[in-house]
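Written out below as structure tokens is the structure these notes cover.
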There are 2 protein chains.
Amino acid sequence: MKIAIAQLNYHIGNFEANTQKIISTAKSSHQNGAELTVFAELAVSGYPPRDFLEFDDFIQKCEVQINLIAEACFDIPLILGSPVRNTTKKGKPLFNAAVFLYQGQKEYFRKGLLPDYDVFDEYRYFEPADSFQCLKFNDHKIAVTVCEDLWNVEDHPLYVKQPMEDLILEKPDLIINIAASPFDYAQAEKRETVLRKNVDKYKLPLVYVNHVGAQTELLFDGGSMVMDENGMLISRLKFFDEEVQIVDVGIQFAGNQLSVSLLPEKIERIHDALVMGVRNYFQKLGFQKAVLGLSGGIDSAVTMVLAARALGSENVHAVLMPSQFSSNHSVQDALDLAKNLGSTFQIIPIKEIYESFEHALHEAFVGKAFDVTEENIQARIRGALLMALSNKFGMILLNTSNKSETAVGYGTLYGDMNGGLSVLGDVYKTEVFELARFINRKAEIIPENTIIKPPSAELRPEQKDSDSLPDYSVLDKILFAYIEQRLKPEAIAKQGIDSKIVAHVLRLVNLNEYKRHQSPPILRVSAKAFGIGRRMPIVAKYLS
Amino acid sequence: MKIAIAQLNYHIGNFEANTQKIISTAKSSHQNGAELTVFAELAVSGYPPRDFLEFDDFIQKCEVQINLIAEACFDIPLILGSPVRNTTKKGKPLFNAAVFLYQGQKEYFRKGLLPDYDVFDEYRYFEPADSFQCLKFNDHKIAVTVCEDLWNVEDHPLYVKQPMEDLILEKPDLIINIAASPFDYAQAEKRETVLRKNVDKYKLPLVYVNHVGAQTELLFDGGSMVMDENGMLISRLKFFDEEVQIVDVGIQFAGNQLSVSLLPEKIERIHDALVMGVRNYFQKLGFQKAVLGLSGGIDSAVTMVLAARALGSENVHAVLMPSQFSSNHSVQDALDLAKNLGSTFQIIPIKEIYESFEHALHEAFVGKAFDVTEENIQARIRGALLMALSNKFGMILLNTSNKSETAVGYGTLYGDMNGGLSVLGDVYKTEVFELARFINRKAEIIPENTIIKPPSAELRPEQKDSDSLPDYSVLDKILFAYIEQRLKPEAIAKQGIDSKIVAHVLRLVNLNEYKRHQSPPILRVSAKAFGIGRRMPIVAKYLS
């Protein structure tokens, strides 16, 4: 049976565009010989629709779209994801379902396992299905499952149920899984492993259809795939791009790889994911131009290159805002980068504004020494200047903070923490260096001096990040152990790190929840990013 | 049987303080004749611990505390809430349980219904219990339940299970419910109704123990209670304050009210809740002093009074920051309020700083007209000045935005949206007026002129809120219908509002998710506040 795998980029709540895309894809696939076209989880609404699912009108609109699609594709068999109503009057009001449409037939395959960890909130909206049945179509019996339904394969399973155990009793000849599986830099391998565990266990070929594209902070990398019943990868669609592929699923393909996209290395994946994240954020909001503060440091340099690749160099505007503490090389490094990219830039010194703040606060601050207050004033002047340009010219301000400084609060709220989108907020400083090297692998785009000089906020004379923070190699190790691995202080210290430094860093992480609460959305590239996937109390005492 | 109801204010992750409070309360209740002392849901850790529950070390610490309490109160029977491990190796790793401790005995009563709507995320962490049994103690058989376990009483129940249906088979003589039921201004009645439905159905007396105190944005109002088997309120503990009450639960109390605290009117509840919210935020973070911008308008005036009541007038510092657009009466109204309260204040005109921004941006803005950019610059200068004072003197900046303007984005990000805590962000403008009237009911604390003048941001000449927004009476009606009731545009227009105005307002609400994403935590007083309880996509198209 020829199945079209439609790996598309949807726009949440943009029903007209999503429906249009689904209909035209179904029609062209059909013309190209597909007997069944499969779209991703909640394709109709886009994923994740979040609390729009609580609006009855939003659900009605999903139903209307399903009917429009069913009508426009009357003779075209297809499967697509949509929220559907729970009509039993018991439990949550919705199911997350795969819907099969063909010649007036409308069949639902409801999701049984609802992820409710990290960035997922599905139990907030959906009732888990408690019974499962196969789709009978074209002399085939297909186990149609929705994403998490195949993920309960751990030794200590997260769910007490296992939908495939029910489905396998019907002796299906194929598994189809429609998914919304977001990117992190280790997810592609994990996904393949999990799917292969199902194939190995049930001895069935598997068709897996994922989303691609960015939905604010959530990045979907695509990589939809087909495995034969031996677990061999027959086909894998592109990463980070839309693609429709028709695969003839059946014994004839066994052992015969069709088209398997390359899986890039970790740092290239992060690079590509971030470029897609920036691009889609602007596209879907209807903006073209970005503005950012270019300091001469590595974070803003990497952010600018990613933005230029996402939006075009001509759509990225750099602003240099030197103060009395800025070194000459910083200005020069920033200028060199802007020129290398061919982007517009301007220089706005902040000295005069800073002095006007000093003057206004003179009386209030009498007898008080220069401290972090004055550092923050500089950062806030820059933040306000960038926002003024953003407001006046309709450019979105890109935030340039990295994950390490976001973690320990080494940044100024309403200053350098400003922005509509944080590009590097899930990238540790040591990874920012790797990104810079990756960007420069063929030619020096980011000035070498930006990469090799010691990191500094340049907010007081001779300041270096290492004055107040451990070396980034140590800091990032602690942060990874605490944030990603959730290890306790003693376990982190056992990795050969001074326990006082560990305690200090964990305290900083916890004390700075209040700052991160007001951070822009952060493009998520790791398994544990700051934002919706990490929910910590602000007022709490544990380790702080 | 004499039961002590311990309605206490816990601090999340502050194990030492929570344990100390639990032990001393258990001991004094015991001395006062209590045969059983009951503490609230997750009392050991504080509620909600959020993702700290994913840290094994945090769970270990809960276990250690339980053992410390069991040891210190060996001969004192008590029930308290704690996360406990799921040892079945299937499902989520934890249960949310009531733990009975007495003479080395440790019995668990696991929560079966896990709220996962609005501000709740319990399915994120906990496995729902699927079997239930009563506590046998002192010749009594007690149905020990945890919060939501009693809430599945709607005609279309949210959960397919019903723990009491299992428990009633054992013929208990009493229901105990330990809860973490947060405040909203209509919740006290709802809570009583829900509990009475259980009493009516099962013909059993009921002891209900709630939290009190603020946990960042979540406010717990207490109001723990006892009903006899006829649904009569025998006892109700204080609202917004700790209290321990011993009630002799048995036939002898039937029809005999002991001590039923008064339930204040809506606006007084909101007032008291906000005062508690501000007080606890500062106390639990270890701060004493607040700073805020006082504009002469009603929002900052009400915020300042609430802060003064929470922290003491001497701990609230007002900053007046007039610009060329500020009216004389605004400065005078602000001064009058500060003087009425006896708080310190200072005046910092922003003209000079504003001119320095104008000068710095002159070249970039050549040929461009005055627009919202310049309005925002003024707001951001004020925001930066307030943060400078906050940084230099260790005062927390209070945000003064109300729910109406937060909803439509009528506020400047990194300007007047700044603050560690939003006091009025869940209070519609029309309710802010009610609060002002309530505050002034005995004497004119807030200058009458602040209340009666037309609201204005005073960021351009002769500006009034009504220039760009519908009247607040109309705006708030639309907002309530959309945010609280989730009605669609057509249904809102049917309330007699121009459908173009409705569409415009809903569009503003949706387009401004990006601003609210960076808002401070908002004290929650309604059933649908901005923040953790309302999760909307930023990049979306529905109604925008």
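Ordered as shown in the structure tokens, chains take letters A, B, and onward, while each chain numbers its residues from 1 and ligands are numbered from 1 in the order shown.
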
Contact check, chain A to chain B, at most 6 Å, counting only C-alpha atoms, closest pairs as a tab-separated table:
```
residue	atom	partner	partner_atom	distance
A:Ile12	CA	B:Ala540	CA	4.8
A:Gly13	CA	B:Tyr542	CA	4.4
A:Asn14	CA	B:Lys541	CA	4.9
A:Arg50	CA	B:Met536	CA	5.6
A:Asp51	CA	B:Met536	CA	5.5
A:Phe55	CA	B:Arg486	CA	5.5
A:Asp57	CA	B:Lys488	CA	5.8
A:Lys89	CA	B:His156	CA	5.1
A:Lys90	CA	B:Pro157	CA	5.3
A:Gly91	CA	B:Leu158	CA	4.2
A:Lys92	CA	B:Leu158	CA	5.3
A:Asp116	CA	B:Arg124	CA	5.0
A:Tyr117	CA	B:Arg124	CA	5.2
A:Arg124	CA	B:Asp116	CA	5.0
A:His156	CA	B:Lys89	CA	5.1
A:Pro157	CA	B:Lys90	CA	5.3
A:Leu158	CA	B:Gly91	CA	4.2
A:Tyr159	CA	B:Gly91	CA	4.4
A:Val160	CA	B:Gly91	CA	5.2
A:Thr216	CA	B:Val539	CA	5.5
A:Ile353	CA	B:Ser356	CA	5.1
A:Ser356	CA	B:Ile353	CA	5.1
A:Thr373	CA	B:Asn391	CA	5.3
A:Ala388	CA	B:Thr373	CA	5.6
A:Asn391	CA	B:Thr373	CA	5.4
A:Lys392	CA	B:Thr373	CA	5.7
A:Tyr414	CA	B:Tyr414	CA	5.0
A:Arg486	CA	B:Phe55	CA	5.5
A:Lys488	CA	B:Asp57	CA	5.9
A:Gln518	CA	B:Gln518	CA	4.0
A:Ser519	CA	B:Gln518	CA	5.7
A:Arg535	CA	B:Asp51	CA	5.5
A:Met536	CA	B:Asp51	CA	5.5
A:Val539	CA	B:Thr216	CA	5.6
A:Ala540	CA	B:Ile12	CA	4.8
A:Lys541	CA	B:Asn14	CA	4.9
A:Tyr542	CA	B:Gly13	CA	4.5
```

Selection from above, N, CA and C atoms, as a compact mmCIF listing (two decimals), in the first residue's frame, can you write it?
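Contents of out.txt, as written:
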```txt
# COMPACT_ATOMS: atom_id res chain seq x y z
N ILE A 12 -0.67 27.43 14.57
CA ILE A 12 -1.73 27.19 15.56
C ILE A 12 -2.90 28.14 15.35
N GLY A 13 -4.07 27.58 15.23
CA GLY A 13 -5.29 28.39 15.11
C GLY A 13 -5.47 29.06 13.77
N ASN A 14 -4.54 28.85 12.85
CA ASN A 14 -4.68 29.41 11.51
C ASN A 14 -5.40 28.38 10.64
N ARG A 50 -2.65 24.59 23.28
CA ARG A 50 -2.77 25.00 24.68
C ARG A 50 -4.23 25.33 25.04
N ASP A 51 -4.43 26.40 25.82
CA ASP A 51 -5.77 26.64 26.38
C ASP A 51 -6.81 27.07 25.35
N PHE A 55 -11.71 26.58 24.59
CA PHE A 55 -12.71 27.43 23.95
C PHE A 55 -13.58 26.58 23.03
N ASP A 57 -15.58 27.40 20.87
CA ASP A 57 -15.54 27.92 19.51
C ASP A 57 -14.33 27.38 18.74
N LYS A 89 -19.94 12.15 28.34
CA LYS A 89 -20.36 12.93 29.51
C LYS A 89 -19.67 12.48 30.80
N LYS A 90 -18.54 11.84 30.65
CA LYS A 90 -17.72 11.46 31.80
C LYS A 90 -16.27 11.70 31.44
N GLY A 91 -15.53 12.36 32.30
CA GLY A 91 -14.13 12.64 32.02
C GLY A 91 -13.96 13.96 31.30
N LYS A 92 -12.72 14.24 30.90
CA LYS A 92 -12.42 15.51 30.23
C LYS A 92 -13.25 15.63 28.95
N ASP A 116 2.28 14.50 30.07
CA ASP A 116 1.96 15.61 30.97
C ASP A 116 3.23 15.98 31.75
N TYR A 117 4.36 15.88 31.07
CA TYR A 117 5.64 16.20 31.70
C TYR A 117 6.32 17.24 30.84
N ARG A 124 -4.36 18.00 30.78
CA ARG A 124 -5.10 19.24 31.08
C ARG A 124 -6.37 19.34 30.22
N HIS A 156 10.31 0.72 33.67
CA HIS A 156 9.31 1.20 34.64
C HIS A 156 8.37 2.13 33.88
N PRO A 157 7.37 1.57 33.24
CA PRO A 157 6.56 2.40 32.33
C PRO A 157 5.85 3.53 33.08
N LEU A 158 5.76 4.68 32.41
CA LEU A 158 5.17 5.87 33.00
C LEU A 158 3.66 5.75 33.09
N TYR A 159 3.09 4.86 32.26
CA TYR A 159 1.63 4.69 32.24
C TYR A 159 1.31 3.24 32.54
N VAL A 160 0.21 3.03 33.21
CA VAL A 160 -0.14 1.65 33.54
C VAL A 160 -0.75 0.93 32.33
N THR A 216 6.40 29.04 18.56
CA THR A 216 7.03 29.84 19.60
C THR A 216 8.30 29.13 20.06
N ILE A 353 23.07 59.43 28.28
CA ILE A 353 21.87 58.95 28.98
C ILE A 353 22.26 58.45 30.37
N SER A 356 22.62 61.24 32.66
CA SER A 356 21.34 61.84 33.07
C SER A 356 20.67 61.00 34.16
N THR A 373 23.79 48.11 40.87
CA THR A 373 22.76 49.06 40.43
C THR A 373 23.21 49.80 39.17
N ALA A 388 13.14 51.05 21.75
CA ALA A 388 12.69 52.24 21.02
C ALA A 388 12.82 52.02 19.51
N ASN A 391 10.14 49.50 18.52
CA ASN A 391 8.81 50.13 18.43
C ASN A 391 8.69 51.02 17.19
N LYS A 392 9.71 51.84 16.97
CA LYS A 392 9.60 52.84 15.89
C LYS A 392 9.60 52.19 14.51
N TYR A 414 14.90 43.56 32.41
CA TYR A 414 14.53 44.80 31.73
C TYR A 414 15.74 45.48 31.08
N ARG A 486 18.78 16.75 37.36
CA ARG A 486 18.11 16.91 38.66
C ARG A 486 18.88 16.20 39.79
N LYS A 488 21.31 15.95 43.13
CA LYS A 488 21.43 16.72 44.37
C LYS A 488 22.86 17.22 44.52
N GLN A 518 10.21 36.23 33.99
CA GLN A 518 9.93 37.36 33.10
C GLN A 518 10.80 37.32 31.84
N SER A 519 11.39 36.17 31.58
CA SER A 519 12.24 36.03 30.40
C SER A 519 11.36 35.86 29.15
N ARG A 535 8.91 24.14 35.60
CA ARG A 535 7.98 24.94 36.40
C ARG A 535 8.39 24.92 37.86
N MET A 536 9.04 25.98 38.27
CA MET A 536 9.56 26.02 39.63
C MET A 536 8.87 27.12 40.41
N VAL A 539 8.77 31.64 45.18
CA VAL A 539 8.96 31.78 46.63
C VAL A 539 9.11 30.39 47.22
N ALA A 540 10.34 29.97 47.45
CA ALA A 540 10.61 28.64 47.99
C ALA A 540 11.95 28.68 48.68
N LYS A 541 12.23 27.65 49.43
CA LYS A 541 13.43 27.69 50.26
C LYS A 541 14.42 26.59 49.92
N TYR A 542 13.98 25.55 49.23
CA TYR A 542 14.84 24.39 48.97
C TYR A 542 16.13 24.80 48.24
```

Contact residues around Gly231 (chain A) with only C-alpha atoms at 12 Å, ignoring same-chain residues under 2 positions, as a list in words: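 Counting only the stated atoms, we get Glu192, Thr193, Val194, Leu195, Arg196, Lys197, Asn198, Val199, Asp200, Lys201, Tyr202, Lys203, Leu204, Pro205, Leu206, Val207, Met225, Val226, Met227, Asp228, Glu229, Leu233, Ile234, Ser235, Ala254, Gly255 and Gln257 of chain A.
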
Using C-alpha atoms, can you write the selected residues to a file as a short mmCIF file (atom, residue, chain, number, x, y, z; two decimals), in the first residue's frame?
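Result file is result_3.cif:
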```
data_model
loop_
_atom_site.label_atom_id
_atom_site.label_comp_id
_atom_site.auth_asym_id
_atom_site.auth_seq_id
_atom_site.Cartn_x
_atom_site.Cartn_y
_atom_site.Cartn_z
CA GLU A 192 14.17 5.98 16.61
CA THR A 193 15.00 3.72 19.56
CA VAL A 194 11.48 3.94 20.96
CA LEU A 195 9.88 3.23 17.61
CA ARG A 196 12.21 0.33 16.97
CA LYS A 197 11.29 -1.17 20.34
CA ASN A 198 7.71 -1.29 19.10
CA VAL A 199 8.68 -2.78 15.78
CA ASP A 200 10.84 -5.39 17.50
CA LYS A 201 8.11 -6.28 19.93
CA TYR A 202 5.20 -6.44 17.52
CA LYS A 203 7.07 -7.47 14.34
CA LEU A 204 5.21 -4.91 12.27
CA PRO A 205 6.29 -2.20 9.85
CA LEU A 206 5.74 1.30 11.14
CA VAL A 207 4.90 4.63 9.54
CA MET A 225 10.14 7.78 9.11
CA VAL A 226 9.19 4.32 7.96
CA MET A 227 10.63 1.14 9.43
CA ASP A 228 10.16 -2.31 8.05
CA GLU A 229 9.13 -5.13 10.35
CA LEU A 233 14.94 2.38 8.47
CA ILE A 234 13.37 2.34 5.01
CA SER A 235 12.77 6.00 4.77
CA ALA A 254 11.85 -5.03 3.03
CA GLY A 255 15.56 -4.44 3.15
CA GLN A 257 16.15 1.68 1.77
#
```

Need to verify the contact set: region 446-451 of chain A, 9 Å, only C-alpha atoms, exclusion of same-chain residues closer than 4 positions in sequence. Can you return it as an mmCIF file with C-alpha atoms, in the first residue's frame?
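Now in around-v8.cif:
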```cif
data_model
loop_
_atom_site.group_PDB
_atom_site.id
_atom_site.type_symbol
_atom_site.label_atom_id
_atom_site.label_comp_id
_atom_site.auth_asym_id
_atom_site.auth_seq_id
_atom_site.Cartn_x
_atom_site.Cartn_y
_atom_site.Cartn_z
ATOM 1 C CA GLY A 296 31.406 42.402 20.454
ATOM 2 C CA GLY A 297 30.855 39.381 22.679
ATOM 3 C CA ILE A 298 30.175 35.865 21.500
ATOM 4 C CA ALA A 301 27.591 37.496 17.566
ATOM 5 C CA VAL A 302 26.184 33.974 17.341
ATOM 6 C CA VAL A 305 24.520 35.045 12.510
ATOM 7 C CA HIS A 329 38.190 45.767 20.568
ATOM 8 C CA SER A 330 34.538 45.181 21.436
ATOM 9 C CA ASP A 333 34.701 43.119 16.768
ATOM 10 C CA ALA A 334 31.034 44.072 16.535
ATOM 11 C CA ASP A 336 33.610 43.489 11.798
ATOM 12 C CA LEU A 337 30.775 41.027 12.254
ATOM 13 C CA ASN A 340 31.047 40.385 7.380
ATOM 14 C CA PHE A 433 31.452 28.521 21.670
ATOM 15 C CA ALA A 436 30.641 29.883 16.896
ATOM 16 C CA ARG A 437 33.251 27.374 15.758
ATOM 17 C CA ILE A 439 29.583 28.844 12.048
ATOM 18 C CA ASN A 440 33.207 29.668 11.280
ATOM 19 C CA PRO A 455 33.885 36.762 28.321
#
```

Every residue of region 92-170 of chain A that DSSP places in alpha helix (DSSP H), as a PyMOL selection string: chain A and resi 163-167

Generate the output file for the selected residues, N, CA and C atoms, as a compact mmCIF listing (two decimals), in the first residue's frame.
```
# COMPACT_ATOMS: atom_id res chain seq x y z
N PRO A 163 -1.54 0.78 24.91
CA PRO A 163 -2.51 0.62 23.81
C PRO A 163 -2.15 -0.48 22.81
N MET A 164 -0.88 -0.64 22.48
CA MET A 164 -0.50 -1.65 21.49
C MET A 164 -0.83 -3.07 21.97
N GLU A 165 -0.84 -3.27 23.28
CA GLU A 165 -1.18 -4.61 23.78
C GLU A 165 -2.62 -4.97 23.43
N ASP A 166 -3.49 -3.97 23.39
CA ASP A 166 -4.87 -4.21 22.95
C ASP A 166 -4.92 -4.38 21.43
N LEU A 167 -4.22 -3.48 20.75
CA LEU A 167 -4.32 -3.46 19.29
C LEU A 167 -3.75 -4.72 18.66
```

Backbone-only DSSP, strand (DSSP E or B) members of region 265-421 of chain B, as a PyMOL selection string: chain B and resi 290-293+316-320+344-347+396-399+421

Those residues you just picked out, can you put them in a file as a PDB file, in the first residue's frame with N, CA and C atoms?
```
ATOM      1  N   ALA B 290       9.142  47.707  50.155  1.00  0.00           N
ATOM      2  CA  ALA B 290       8.624  47.784  48.789  1.00  0.00           C
ATOM      3  C   ALA B 290       8.826  49.182  48.240  1.00  0.00           C
ATOM      4  N   VAL B 291       8.984  49.262  46.933  1.00  0.00           N
ATOM      5  CA  VAL B 291       9.031  50.554  46.254  1.00  0.00           C
ATOM      6  C   VAL B 291       8.001  50.491  45.140  1.00  0.00           C
ATOM      7  N   LEU B 292       7.401  51.597  44.830  1.00  0.00           N
ATOM      8  CA  LEU B 292       6.499  51.632  43.672  1.00  0.00           C
ATOM      9  C   LEU B 292       6.409  53.040  43.116  1.00  0.00           C
ATOM     10  N   GLY B 293       6.044  53.109  41.859  1.00  0.00           N
ATOM     11  CA  GLY B 293       5.832  54.396  41.210  1.00  0.00           C
ATOM     12  C   GLY B 293       4.421  54.866  41.505  1.00  0.00           C
ATOM     13  N   VAL B 316       6.950  51.063  52.820  1.00  0.00           N
ATOM     14  CA  VAL B 316       6.568  51.283  51.422  1.00  0.00           C
ATOM     15  C   VAL B 316       7.061  52.665  50.991  1.00  0.00           C
ATOM     16  N   HIS B 317       7.845  52.668  49.958  1.00  0.00           N
ATOM     17  CA  HIS B 317       8.446  53.915  49.474  1.00  0.00           C
ATOM     18  C   HIS B 317       7.860  54.275  48.114  1.00  0.00           C
ATOM     19  N   ALA B 318       7.319  55.480  48.013  1.00  0.00           N
ATOM     20  CA  ALA B 318       6.676  55.911  46.766  1.00  0.00           C
ATOM     21  C   ALA B 318       7.605  56.820  45.983  1.00  0.00           C
ATOM     22  N   VAL B 319       7.597  56.636  44.670  1.00  0.00           N
ATOM     23  CA  VAL B 319       8.418  57.482  43.812  1.00  0.00           C
ATOM     24  C   VAL B 319       7.513  58.161  42.797  1.00  0.00           C
ATOM     25  N   LEU B 320       7.552  59.488  42.785  1.00  0.00           N
ATOM     26  CA  LEU B 320       6.784  60.274  41.812  1.00  0.00           C
ATOM     27  C   LEU B 320       7.736  60.675  40.700  1.00  0.00           C
ATOM     28  N   THR B 344       7.287  57.169  53.152  1.00  0.00           N
ATOM     29  CA  THR B 344       8.298  58.029  52.527  1.00  0.00           C
ATOM     30  C   THR B 344       8.037  58.121  51.027  1.00  0.00           C
ATOM     31  N   PHE B 345       8.470  59.213  50.458  1.00  0.00           N
ATOM     32  CA  PHE B 345       8.328  59.381  49.010  1.00  0.00           C
ATOM     33  C   PHE B 345       9.438  60.277  48.501  1.00  0.00           C
ATOM     34  N   GLN B 346       9.653  60.255  47.212  1.00  0.00           N
ATOM     35  CA  GLN B 346      10.588  61.183  46.601  1.00  0.00           C
ATOM     36  C   GLN B 346      10.097  61.504  45.197  1.00  0.00           C
ATOM     37  N   ILE B 347      10.547  62.640  44.686  1.00  0.00           N
ATOM     38  CA  ILE B 347      10.138  63.072  43.349  1.00  0.00           C
ATOM     39  C   ILE B 347      11.369  63.080  42.453  1.00  0.00           C
ATOM     40  N   ILE B 396      11.718  45.563  46.987  1.00  0.00           N
ATOM     41  CA  ILE B 396      11.083  44.893  45.854  1.00  0.00           C
ATOM     42  C   ILE B 396      10.129  45.875  45.180  1.00  0.00           C
ATOM     43  N   LEU B 397      10.247  45.970  43.863  1.00  0.00           N
ATOM     44  CA  LEU B 397       9.349  46.839  43.099  1.00  0.00           C
ATOM     45  C   LEU B 397       7.990  46.165  42.948  1.00  0.00           C
ATOM     46  N   LEU B 398       6.946  46.860  43.345  1.00  0.00           N
ATOM     47  CA  LEU B 398       5.596  46.346  43.136  1.00  0.00           C
ATOM     48  C   LEU B 398       5.046  46.862  41.820  1.00  0.00           C
ATOM     49  N   ASN B 399       4.509  45.941  41.057  1.00  0.00           N
ATOM     50  CA  ASN B 399       3.877  46.306  39.794  1.00  0.00           C
ATOM     51  C   ASN B 399       2.447  46.762  40.076  1.00  0.00           C
ATOM     52  N   LEU B 421       6.311  41.590  41.707  1.00  0.00           N
ATOM     53  CA  LEU B 421       4.999  41.007  41.971  1.00  0.00           C
ATOM     54  C   LEU B 421       3.943  41.967  41.445  1.00  0.00           C
TER      55      LEU B 421
END
```

Nearest candidate to Ala34 (chain A) (options A:Cys73, A:Leu306, A:Leu68, A:Val247; using only C-alpha atoms):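 Of all the options, A:Val247 lies closest to Ala34 (chain A).
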